[in-house]
Amino acid sequence: MKKPDGANPAKLLWFVVIVFIAYVIFKSPGWFMNKPIPGSLIMMYMFFAVVAALLVMTSTDESTQGLFAPIKALVEDPSKKIIRNAVFVIAPIVGALITYNQIKPGFDAPVELRATHPAPPTIMKAYDKTFNLATLENPFRKLQTENPEKFKEAVKEGGAVYFKNCFFCHGDKLDGKGHFAQGFNPLPLPFQGKDTIAQLQESFVFWRISTGGPGLPKEATPWLSAMPVWHTFLSEDEVWKAILFIYDYTDNAPRSWVSANSKKDG
Amino acid sequence: MVSCLMKKRTAGKAVFLFVLSVMFFPAFLNTGFSASFSPAAAYAGTDAVSPVAHEETYTHPPAPKLKAQDYPIVMGINSRVFVWMAAQLHLWFAAFVLAVPIFVFIIEAVGMATKDERYDKMAYEFIKVSLTAYSVTALIGGLLAFSLFVFYPDLMRYMTRLFGQTMLLYALLFFAESATLYIYYYGWHAMERGFSKWAHLTIGLLLNAVGTTLMFLANAWVTFMMSPSGVDAGGVFDGNIWHVIHNHLWNPINLHRFVANIAFGGSIVGAYAAYRFLSARSDSDRAHYDWMGYTANLIAISALLPLPFAGYWLTAEIYAYSQQMGITLMGGAFAWLFITQAVIIGALFLSANYYLWCGMERSPGAYRYTKYIKYIAAVIVVCFLVWFTPHTLILKPWELKALGGQYHPFLGPLGIMPAKNTAVNIMLIFTFLSFLLYRRANKIAVVSWAPLGRAAQAAVFAGAILNIVFLGVYYGYFTNTVYKVASSVPQVASTLTVIAACMVIDFFMFKGAKDVGELRWGGIPQRSQYALFLLAVSFTWLMGLMGFIRSSIRQHWHVYSVMRDASVNAYTLTIASAAKTVSAAAIIFMAMVIFIFWLSALSSKKQDKPLPLGSDAKNPKEGGGIR
């Protein structure tokens with residue numbers, strides 16, 4: 001085999017540089033755009049970046065030797081006694097500092113693992129009726145293909161419902177940034193983007209709007225949602241029309257398994 | 001006093017059932033036997049319908065409505081954990097003993113076709129490991145059946161009523177499986193040549209047919225509990241056994257388990273080969289077990305490649321069957337277990353690739369390709385990070401404030417399936433690239449059109465990646481669910497096209513190729529063998545975790561929406577509790593597997609004859625003690 005760069009002690013330096021670059025990349029959205037990648041995720045990202053760098057650098061014998069030769073020399077070479085002692089003092093101190101920073105008590109509220117989209121029940125009760133969520137459909141959705149003019153009208157009426165009731169929290173752009181949004185924890189959900197309501201069937205949205213925060217199932221702890229129980233304020237038709245509006249405005253289509261209900265271009 | 005009596009009665013019943021399940025398990029599962037139970041007893045605690053009415057009104061009674069008292073408590077054992085452990089251990093061993101004969105059959109056939117006895121020897125060694133595990137599988141299967149009948153008698157009575165015919169068939173097939181497996185193993189050397197070899201291969205085929213049918217039958221019971229069919233809302237059987245077998249999730253799980261078993265089986269025998277490689281004392285043994293490990297890894301990776309697609313189909317069908325189960329699975333309570341699953345799958349890919357990269361050390365010509373490893377690794381890691389990026393993040397308050405919501409503006413789109421599908425397809429393509437480079441590491445193509453062939457392969461790779469990215473981005477983010485889910489099919493097709501096209505080109509391009517030097521079997525670095533261990537441990541853990549998720553998305557139902565679980569254990573575990581129980585089961589399984597490895601190795605050891613009196617004990621002609 002061709003003699004590669006195996007005995008090159010710069011391998012270890014490369015390893016450090018690669019890990020450092022990975023760290024900078026993961027931190028940069030937070031540093032430069034104030035959109036930090038959460039620390040919990042950075043830890044996972046960094047773990048696998050380090051593992052992958054180690055795997056690549058130990059995939060050949062020469063490379064492995066190059067990577068570990070400086071460490072071996074540091075431990076075994078008598079001429080490196082001063083550096084060795086310095087490393088043996090500094091490394092545990094750094095480790096201790098990191099550990100301390102990880103576990104020291106703080107004043108921040110603890111992190112919460114919240115199920116933003118909790119599983120819906122099979123049936124729900126509202127408007128003195130029982131709805132089967134597995135089969136429930138938006139009664140106005142069929143107008144989209146059967147009578148587009150009436151559909152537009154229903155969407156418009158849904159918009160009026162939204163702006164009279166929902167926009168204070170969910171925002172005029174439906175981005176979850178309404179006037180009152182910052183006063184709540186959890187924050188009101190955004191409807192914009194392809195990763196929000198496009199993932200959900202309309203029956204799910206109907207359930208969430210109708211029963212609000214108090215209707216959340218057990219798994220959606222800590223049940224702090226300020227979402228009102230809208231079925232006590234709005235009629236059934238108003239809720240369905242508001243749903244039509246939020247999908248239409250955000251150019252999303254509800255999750256559906258029937259091609260006829262789908263529009264291909266958003 | 002009453003509770004004491006009840007406990008005594010329960011313990012007595014437990015002993016009785018144990019004896020029955022061990023001695024007459026097949027008969028116990030038979031409908032005829034279960035019919036001898038009083039329906040009134042089956043419906044003890046039913047408050048909705050009179051038990052007497054069942055006998056008079058129904059040919060097939062509805063599912064019982066149970067109360068917490070209907071679940072026996074035996075010596076304070078947590079019935080859920082006990083059954084879970086037994087089921088999980090049984091499933092691991094069963095997956096292993098069903099999968100190994102599949103690839104043993106293929107390896108034996110390859111050995112016959114190529115007339116290379118090394119294949120035959122390796123196939124025999126694989127089946128030997130499997131045979132040792134077979135008795136453990138049966139034992140734990142008995143324990144599982146016993147514990148189910150003891151802890152969940154009413155559920156099992158209901159299931160037996162529905163599936164009695166298939167349970168009888170299962171028992172008969174189990175005997176057929178045992179018979180064919182023993183004939184296949186013990187007849188290996190007696191049927192080594194000529195027509196006998198064909199007969200032996202046919203027995204192997206029969207063994208696999210029986211084994212696969214067994215699994216399909218058991219899958220019907222499991223999937224019926226998730227997506228019941230052939231019964232009405234009250235659980236009343238319509239009288240057609242095919243309807244209950246052929247439920248909504250039966251075929252998706254049949255495919256998923258079939259493929260996953262092969263990958264799992266390959267990884268376990270790979271770990272066995274690694275164990276033997278690391279403990280080998282001679283170069284010939286090291287070379288043999290290196291080759292065995294390579295083959296096992298190849299089997300595991302070959303089955304791993306289509307596995308995400310089978311899993312995706314199963315998940316899509318679960319979602320299509322029930323929005324509630326679908327959201328519980330991926331958006332609700334189990335979403336973070338899915339992230340854990342994604343991390344383990346990433347570990348699988350990394351360890352499989354690492355083994356291939358280290359394997360290049362066997363080839364004197366590998367230096368031409370090792371420089372590409374870092375690029376392959378970079379792509380795989382980027383895809384891997386996308387693969388496990390969650391949609392709902394764990395945020396500190398200041399992070400939540402900075403982001404202005406639970407979703408990250410940049411990472412949010414990576415948290416949903418189109419991004420995951422795109423990432424996993426590219427990850428598969430680059431894993432295949434590692435394999436392709438490994439294959440050609442020691443060869444030089446001599447055909448005149450080799451540059452053209454390489455260009456064609458590069459074009460296929462580039463075209464497929466572009467297509468996968470386009471499908472993932474356009475259909476994933478700019479159309480709705482119907483097209484989004486459907487686009488995963490052409491994505492998979494692109495990946496499979498790369499694999500098929502490049503293998504065909506490679507086959508012709510390297511026909512009669514020149515070797516750079518002699519391949520050094522046994523020359524692989526020892527650290528690579530730990531990748532094989534990691535592969536086996538990751539598969540085991542993954543199966544345990546996903547098994548828990550699949551079963552638990554029914555939540556408080558024994559049979560989803562038909563028969564409610566009223567036991568005190570009918571609650572969803574926290575992520576940590578579930579992970580700990582799965583990990584404990586995985587550790588028990590791995591300990592048992594190590595014992596099986598040791599047993600298999602022991603069977604090939606021979607004690608030397610005692611030295612004759614007066615001979616030189618310090619310098620024996622043959623080494624003393626156990627070799």
# chains A, B, ... in the order shown; residues from 1 in each chain; ligands from 1

call {"tool": "residues_around", "arguments": {"residues": "segment 130-138 of chain A", "least_positions_apart": "2", "cutoff": "7 Å", "atoms": "only C-alpha atoms", "output": "mmCIF file with all heavy atoms, in the first residue's frame"}}
result
data_model
loop_
_atom_site.group_PDB
_atom_site.id
_atom_site.type_symbol
_atom_site.label_atom_id
_atom_site.label_comp_id
_atom_site.auth_asym_id
_atom_site.auth_seq_id
_atom_site.Cartn_x
_atom_site.Cartn_y
_atom_site.Cartn_z
ATOM 1 N N THR A 122 -60.382 9.331 19.972
ATOM 2 C CA THR A 122 -61.153 8.732 18.879
ATOM 3 C C THR A 122 -62.445 9.518 18.665
ATOM 4 O O THR A 122 -62.862 9.754 17.544
ATOM 5 C CB THR A 122 -61.504 7.265 19.211
ATOM 6 O OG1 THR A 122 -60.343 6.655 19.733
ATOM 7 C CG2 THR A 122 -61.967 6.508 17.978
ATOM 8 N N ILE A 123 -63.059 9.907 19.786
ATOM 9 C CA ILE A 123 -64.285 10.708 19.686
ATOM 10 C C ILE A 123 -64.143 11.959 20.554
ATOM 11 O O ILE A 123 -63.351 11.986 21.492
ATOM 12 C CB ILE A 123 -65.534 9.921 20.131
ATOM 13 C CG1 ILE A 123 -65.312 9.327 21.535
ATOM 14 C CG2 ILE A 123 -65.892 8.832 19.158
ATOM 15 C CD1 ILE A 123 -66.596 8.868 22.175
ATOM 16 N N MET A 124 -64.889 12.994 20.213
ATOM 17 C CA MET A 124 -64.902 14.196 21.046
ATOM 18 C C MET A 124 -66.344 14.710 21.162
ATOM 19 O O MET A 124 -67.184 14.433 20.286
ATOM 20 C CB MET A 124 -64.013 15.290 20.459
ATOM 21 C CG MET A 124 -64.396 15.737 19.069
ATOM 22 S SD MET A 124 -63.693 17.324 18.588
ATOM 23 C CE MET A 124 -64.896 18.462 19.233
ATOM 24 N N LYS A 125 -66.580 15.448 22.235
ATOM 25 C CA LYS A 125 -67.930 15.973 22.421
ATOM 26 C C LYS A 125 -67.886 17.497 22.371
ATOM 27 O O LYS A 125 -67.049 18.124 23.027
ATOM 28 C CB LYS A 125 -68.496 15.507 23.760
ATOM 29 C CG LYS A 125 -68.892 14.040 23.718
ATOM 30 C CD LYS A 125 -69.499 13.574 25.013
ATOM 31 C CE LYS A 125 -69.875 12.109 24.884
ATOM 32 N NZ LYS A 125 -70.263 11.504 26.124
ATOM 33 N N ALA A 126 -68.778 18.065 21.595
ATOM 34 C CA ALA A 126 -68.925 19.521 21.516
ATOM 35 C C ALA A 126 -70.263 19.788 20.851
ATOM 36 O O ALA A 126 -70.782 18.922 20.129
ATOM 37 C CB ALA A 126 -67.794 20.131 20.702
ATOM 38 N N PHE A 140 -67.435 21.923 4.475
ATOM 39 C CA PHE A 140 -67.290 22.921 3.399
ATOM 40 C C PHE A 140 -66.171 22.571 2.418
ATOM 41 O O PHE A 140 -66.013 23.228 1.406
ATOM 42 C CB PHE A 140 -67.022 24.307 3.999
ATOM 43 C CG PHE A 140 -68.141 24.788 4.879
ATOM 44 C CD1 PHE A 140 -68.038 24.722 6.259
ATOM 45 C CD2 PHE A 140 -69.322 25.268 4.328
ATOM 46 C CE1 PHE A 140 -69.077 25.141 7.078
ATOM 47 C CE2 PHE A 140 -70.374 25.700 5.135
ATOM 48 C CZ PHE A 140 -70.252 25.628 6.519
ATOM 49 N N ARG A 141 -65.378 21.565 2.742
ATOM 50 C CA ARG A 141 -64.217 21.250 1.899
ATOM 51 C C ARG A 141 -64.631 20.826 0.495
ATOM 52 O O ARG A 141 -63.968 21.134 -0.490
ATOM 53 C CB ARG A 141 -63.377 20.167 2.587
ATOM 54 C CG ARG A 141 -62.137 19.710 1.866
ATOM 55 C CD ARG A 141 -61.137 20.802 1.603
ATOM 56 N NE ARG A 141 -60.581 21.421 2.809
ATOM 57 C CZ ARG A 141 -59.772 22.483 2.794
ATOM 58 N NH1 ARG A 141 -59.419 23.043 1.648
ATOM 59 N NH2 ARG A 141 -59.326 22.993 3.914
ATOM 60 N N GLU A 202 -57.999 17.904 8.920
ATOM 61 C CA GLU A 202 -58.869 18.984 9.408
ATOM 62 C C GLU A 202 -59.616 18.594 10.685
ATOM 63 O O GLU A 202 -59.927 19.444 11.515
ATOM 64 C CB GLU A 202 -59.870 19.375 8.311
ATOM 65 C CG GLU A 202 -59.216 20.209 7.219
ATOM 66 C CD GLU A 202 -60.212 20.632 6.162
ATOM 67 O OE1 GLU A 202 -60.771 19.718 5.525
ATOM 68 O OE2 GLU A 202 -60.422 21.820 5.967
ATOM 69 N N SER A 203 -59.881 17.297 10.844
ATOM 70 C CA SER A 203 -60.585 16.850 12.051
ATOM 71 C C SER A 203 -59.738 17.141 13.291
ATOM 72 O O SER A 203 -60.265 17.473 14.355
ATOM 73 C CB SER A 203 -60.914 15.359 11.959
ATOM 74 O OG SER A 203 -59.738 14.604 11.828
ATOM 75 N N TRP A 240 -65.422 25.527 11.268
ATOM 76 C CA TRP A 240 -65.020 24.877 10.011
ATOM 77 C C TRP A 240 -64.566 25.915 8.971
ATOM 78 O O TRP A 240 -63.597 25.690 8.247
ATOM 79 C CB TRP A 240 -66.175 24.068 9.433
ATOM 80 C CG TRP A 240 -66.415 22.744 10.109
ATOM 81 C CD1 TRP A 240 -67.559 22.313 10.690
ATOM 82 C CD2 TRP A 240 -65.472 21.661 10.263
ATOM 83 N NE1 TRP A 240 -67.412 21.049 11.198
ATOM 84 C CE2 TRP A 240 -66.141 20.612 10.954
ATOM 85 C CE3 TRP A 240 -64.142 21.479 9.899
ATOM 86 C CZ2 TRP A 240 -65.511 19.412 11.273
ATOM 87 C CZ3 TRP A 240 -63.513 20.275 10.221
ATOM 88 C CH2 TRP A 240 -64.197 19.258 10.901
ATOM 89 N N SER B 322 -55.278 4.903 11.376
ATOM 90 C CA SER B 322 -55.771 5.685 12.514
ATOM 91 C C SER B 322 -54.911 6.918 12.716
ATOM 92 O O SER B 322 -53.720 6.804 13.016
ATOM 93 C CB SER B 322 -55.744 4.823 13.781
ATOM 94 O OG SER B 322 -55.779 5.641 14.923
ATOM 95 N N GLN B 323 -55.557 8.064 12.550
ATOM 96 C CA GLN B 323 -54.858 9.334 12.796
ATOM 97 C C GLN B 323 -54.313 9.355 14.224
ATOM 98 O O GLN B 323 -53.203 9.818 14.479
ATOM 99 C CB GLN B 323 -55.843 10.487 12.583
ATOM 100 C CG GLN B 323 -55.252 11.847 12.859
ATOM 101 C CD GLN B 323 -56.279 12.964 12.816
ATOM 102 O OE1 GLN B 323 -55.975 14.057 12.395
ATOM 103 N NE2 GLN B 323 -57.501 12.708 13.230
#

call {"tool": "interface_residues", "arguments": {"of": "chain B", "to": "chain A", "cutoff": "7 Å", "atoms": "only C-alpha atoms", "output": "ChimeraX atom specification"}}
result
/B:322-324,327-328,331-333,354,357-358,361,364-365,367,373-374,377,381,385,392,394-397,399,402-403,405,412-413,416,477-482

call {"tool": "select_by_dssp", "arguments": {"residues": "segment 433-603 of chain B", "states": "strand (DSSP E)", "output": "list in words"}}
result
Lys443, Ile444, Lys514, Asp515, Trp557, His558, Val559, Met563 and Arg564 of chain B

call {"tool": "atom_distance", "arguments": {"atom1": "atom CA of Leu89 of chain B", "atom2": "atom CA of Val74 of chain B"}}
result
21.0 Å

call {"tool": "residues_around", "arguments": {"residues": "segment 261-266 of chain B", "least_positions_apart": "5", "cutoff": "9 Å", "atoms": "only C-alpha atoms", "output": "PyMOL selection string"}}
result
chain B and resi 92+94-100+102-103+256+271+295-304+307+535-536+539-540+543

call {"tool": "write_last_selection", "arguments": {"atoms": "N, CA and C atoms", "output": "PDB file, in the first residue's frame"}}
result
ATOM      1  N   TRP B  92     -36.666 -11.561  19.622  1.00  0.00           N
ATOM      2  CA  TRP B  92     -35.275 -11.467  19.169  1.00  0.00           C
ATOM      3  C   TRP B  92     -34.757 -12.832  18.718  1.00  0.00           C
ATOM      4  N   ALA B  94     -36.511 -15.480  17.962  1.00  0.00           N
ATOM      5  CA  ALA B  94     -37.276 -15.989  16.821  1.00  0.00           C
ATOM      6  C   ALA B  94     -36.819 -15.318  15.523  1.00  0.00           C
ATOM      7  N   ALA B  95     -36.596 -14.015  15.600  1.00  0.00           N
ATOM      8  CA  ALA B  95     -36.118 -13.290  14.407  1.00  0.00           C
ATOM      9  C   ALA B  95     -34.808 -13.895  13.940  1.00  0.00           C
ATOM     10  N   PHE B  96     -33.956 -14.193  14.886  1.00  0.00           N
ATOM     11  CA  PHE B  96     -32.641 -14.740  14.554  1.00  0.00           C
ATOM     12  C   PHE B  96     -32.759 -16.135  13.928  1.00  0.00           C
ATOM     13  N   VAL B  97     -33.527 -17.013  14.579  1.00  0.00           N
ATOM     14  CA  VAL B  97     -33.593 -18.389  14.073  1.00  0.00           C
ATOM     15  C   VAL B  97     -34.434 -18.506  12.793  1.00  0.00           C
ATOM     16  N   LEU B  98     -35.262 -17.517  12.530  1.00  0.00           N
ATOM     17  CA  LEU B  98     -35.994 -17.538  11.255  1.00  0.00           C
ATOM     18  C   LEU B  98     -35.152 -16.952  10.135  1.00  0.00           C
ATOM     19  N   ALA B  99     -34.307 -15.995  10.485  1.00  0.00           N
ATOM     20  CA  ALA B  99     -33.536 -15.301   9.448  1.00  0.00           C
ATOM     21  C   ALA B  99     -32.338 -16.116   8.981  1.00  0.00           C
ATOM     22  N   VAL B 100     -31.648 -16.739   9.935  1.00  0.00           N
ATOM     23  CA  VAL B 100     -30.406 -17.426   9.566  1.00  0.00           C
ATOM     24  C   VAL B 100     -30.631 -18.482   8.468  1.00  0.00           C
ATOM     25  N   ILE B 102     -32.585 -18.471   6.109  1.00  0.00           N
ATOM     26  CA  ILE B 102     -32.805 -17.834   4.807  1.00  0.00           C
ATOM     27  C   ILE B 102     -31.468 -17.610   4.111  1.00  0.00           C
ATOM     28  N   PHE B 103     -30.536 -16.975   4.841  1.00  0.00           N
ATOM     29  CA  PHE B 103     -29.274 -16.725   4.119  1.00  0.00           C
ATOM     30  C   PHE B 103     -28.354 -17.943   4.097  1.00  0.00           C
ATOM     31  N   HIS B 256     -41.991  -5.904   6.620  1.00  0.00           N
ATOM     32  CA  HIS B 256     -41.010  -5.234   7.467  1.00  0.00           C
ATOM     33  C   HIS B 256     -40.248  -6.231   8.323  1.00  0.00           C
ATOM     34  N   ALA B 271     -21.530 -10.608  14.616  1.00  0.00           N
ATOM     35  CA  ALA B 271     -20.936 -10.470  15.958  1.00  0.00           C
ATOM     36  C   ALA B 271     -20.253 -11.778  16.369  1.00  0.00           C
ATOM     37  N   THR B 295     -18.995 -11.494   5.160  1.00  0.00           N
ATOM     38  CA  THR B 295     -20.236 -11.993   4.547  1.00  0.00           C
ATOM     39  C   THR B 295     -21.452 -11.613   5.390  1.00  0.00           C
ATOM     40  N   ALA B 296     -21.308 -11.769   6.713  1.00  0.00           N
ATOM     41  CA  ALA B 296     -22.427 -11.446   7.608  1.00  0.00           C
ATOM     42  C   ALA B 296     -22.778  -9.966   7.501  1.00  0.00           C
ATOM     43  N   ASN B 297     -21.744  -9.131   7.444  1.00  0.00           N
ATOM     44  CA  ASN B 297     -21.975  -7.684   7.331  1.00  0.00           C
ATOM     45  C   ASN B 297     -22.655  -7.363   6.000  1.00  0.00           C
ATOM     46  N   LEU B 298     -22.232  -8.070   4.961  1.00  0.00           N
ATOM     47  CA  LEU B 298     -22.829  -7.867   3.634  1.00  0.00           C
ATOM     48  C   LEU B 298     -24.324  -8.217   3.674  1.00  0.00           C
ATOM     49  N   ILE B 299     -24.635  -9.319   4.358  1.00  0.00           N
ATOM     50  CA  ILE B 299     -26.044  -9.733   4.477  1.00  0.00           C
ATOM     51  C   ILE B 299     -26.829  -8.665   5.246  1.00  0.00           C
ATOM     52  N   ALA B 300     -26.250  -8.213   6.360  1.00  0.00           N
ATOM     53  CA  ALA B 300     -26.942  -7.221   7.193  1.00  0.00           C
ATOM     54  C   ALA B 300     -27.173  -5.928   6.405  1.00  0.00           C
ATOM     55  N   ILE B 301     -26.146  -5.481   5.685  1.00  0.00           N
ATOM     56  CA  ILE B 301     -26.294  -4.214   4.940  1.00  0.00           C
ATOM     57  C   ILE B 301     -27.277  -4.389   3.790  1.00  0.00           C
ATOM     58  N   SER B 302     -27.191  -5.532   3.096  1.00  0.00           N
ATOM     59  CA  SER B 302     -28.107  -5.753   1.961  1.00  0.00           C
ATOM     60  C   SER B 302     -29.554  -5.688   2.417  1.00  0.00           C
ATOM     61  N   ALA B 303     -29.818  -6.223   3.609  1.00  0.00           N
ATOM     62  CA  ALA B 303     -31.191  -6.169   4.111  1.00  0.00           C
ATOM     63  C   ALA B 303     -31.500  -4.800   4.711  1.00  0.00           C
ATOM     64  N   LEU B 304     -30.463  -4.131   5.200  1.00  0.00           N
ATOM     65  CA  LEU B 304     -30.679  -2.802   5.793  1.00  0.00           C
ATOM     66  C   LEU B 304     -31.095  -1.787   4.725  1.00  0.00           C
ATOM     67  N   LEU B 307     -34.772  -1.671   4.189  1.00  0.00           N
ATOM     68  CA  LEU B 307     -35.532  -1.657   5.439  1.00  0.00           C
ATOM     69  C   LEU B 307     -36.247  -0.334   5.738  1.00  0.00           C
ATOM     70  N   LEU B 535     -22.932  -3.079  15.471  1.00  0.00           N
ATOM     71  CA  LEU B 535     -24.030  -3.339  14.537  1.00  0.00           C
ATOM     72  C   LEU B 535     -25.077  -4.255  15.187  1.00  0.00           C
ATOM     73  N   ALA B 536     -24.588  -5.321  15.814  1.00  0.00           N
ATOM     74  CA  ALA B 536     -25.515  -6.286  16.449  1.00  0.00           C
ATOM     75  C   ALA B 536     -26.244  -5.647  17.625  1.00  0.00           C
ATOM     76  N   PHE B 539     -28.846  -3.112  16.314  1.00  0.00           N
ATOM     77  CA  PHE B 539     -30.039  -3.785  15.771  1.00  0.00           C
ATOM     78  C   PHE B 539     -30.927  -4.294  16.904  1.00  0.00           C
ATOM     79  N   THR B 540     -30.293  -4.891  17.901  1.00  0.00           N
ATOM     80  CA  THR B 540     -31.050  -5.464  19.017  1.00  0.00           C
ATOM     81  C   THR B 540     -31.829  -4.363  19.741  1.00  0.00           C
ATOM     82  N   MET B 543     -34.676  -2.928  17.596  1.00  0.00           N
ATOM     83  CA  MET B 543     -35.862  -3.793  17.523  1.00  0.00           C
ATOM     84  C   MET B 543     -36.670  -3.719  18.806  1.00  0.00           C
TER      85      MET B 543
END

call {"tool": "atom_distance", "arguments": {"atom1": "atom CA of Phe184 of chain A", "atom2": "atom CA of Gln406 of chain B"}}
result
12.3 Å

call {"tool": "select_by_dssp", "arguments": {"residues": "segment 291-496 of chain B", "states": "helix (DSSP H, G or I)", "output": "MDAnalysis selection string"}}
result
chainID B and resid 291:304 307:321 323:330 335:362 366:368 370:388 397:403 412:415 417:440 450:477 481:486 488:496

call {"tool": "residues_around", "arguments": {"residues": "Ile245 of chain B", "least_positions_apart": "3", "cutoff": "7 Å", "atoms": "only C-alpha atoms", "output": "PyMOL selection string"}}
result
chain B and resi 220+241-242

call {"tool": "closest_residue", "arguments": {"among": "B:Met417, B:Leu433, B:Ile203, B:Phe309", "to": "Ala493 of chain B", "atoms": "only C-alpha atoms"}}
result
B:Phe309

call {"tool": "residues_around", "arguments": {"residues": "segment 112-115 of chain B", "least_positions_apart": "6", "cutoff": "12 Å", "atoms": "only C-alpha atoms", "output": "list in words"}}
result
Phe105, Ile106, Lys121, Ala123, Glu192, Arg193, Gly194, Phe195, Ser196, Lys197, Trp198, His200 and Leu201 of chain B

call {"tool": "atom_distance", "arguments": {"atom1": "atom CA of Leu278 of chain B", "atom2": "atom CA of Tyr438 of chain B"}}
result
22.1 Å

call {"tool": "residues_around", "arguments": {"residues": "Gly547 of chain B", "least_positions_apart": "3", "cutoff": "10 Å", "atoms": "only C-alpha atoms", "output": "JSON, numbers by chain"}}
result
{"B": [84, 87, 88, 91, 541, 542, 543, 544, 550, 551, 552, 582]}

call {"tool": "closest_residue", "arguments": {"among": "A:Gly106, A:Gly158, A:Pro92, A:Gly66", "to": "Asp237 of chain A", "atoms": "only C-alpha atoms"}}
result
A:Gly158

call {"tool": "residues_around", "arguments": {"residues": "segment 84-89 of chain A", "least_positions_apart": "3", "cutoff": "7 Å", "atoms": "only C-alpha atoms", "output": "PDB file with N, CA and C atoms, in the first residue's frame"}}
result
ATOM      1  N   LEU A  74       3.017  12.028  24.119  1.00  0.00           N
ATOM      2  CA  LEU A  74       2.813  12.892  25.288  1.00  0.00           C
ATOM      3  C   LEU A  74       2.860  12.082  26.581  1.00  0.00           C
ATOM      4  N   VAL A  75       2.290  10.893  26.515  1.00  0.00           N
ATOM      5  CA  VAL A  75       2.230  10.057  27.719  1.00  0.00           C
ATOM      6  C   VAL A  75       3.559   9.357  27.979  1.00  0.00           C
ATOM      7  N   LYS A  80       8.918  15.048  27.128  1.00  0.00           N
ATOM      8  CA  LYS A  80       7.702  15.882  27.126  1.00  0.00           C
ATOM      9  C   LYS A  80       7.089  15.987  28.534  1.00  0.00           C
ATOM     10  N   LYS A  81       7.966  15.822  29.518  1.00  0.00           N
ATOM     11  CA  LYS A  81       7.477  15.765  30.899  1.00  0.00           C
ATOM     12  C   LYS A  81       6.710  17.032  31.291  1.00  0.00           C
ATOM     13  N   PRO A  92      -8.126  17.988  33.552  1.00  0.00           N
ATOM     14  CA  PRO A  92      -9.183  17.759  34.566  1.00  0.00           C
ATOM     15  C   PRO A  92      -9.881  19.049  35.001  1.00  0.00           C
ATOM     16  N   ILE A  93      -9.115  20.155  35.021  1.00  0.00           N
ATOM     17  CA  ILE A  93      -9.741  21.425  35.432  1.00  0.00           C
ATOM     18  C   ILE A  93     -10.799  21.837  34.404  1.00  0.00           C
TER      19      ILE A  93
END

call {"tool": "closest_residue", "arguments": {"among": "B:Ala280, B:Val516, B:Tyr475, B:Val81", "to": "Ser577 of chain B", "atoms": "only C-alpha atoms"}}
result
B:Val81
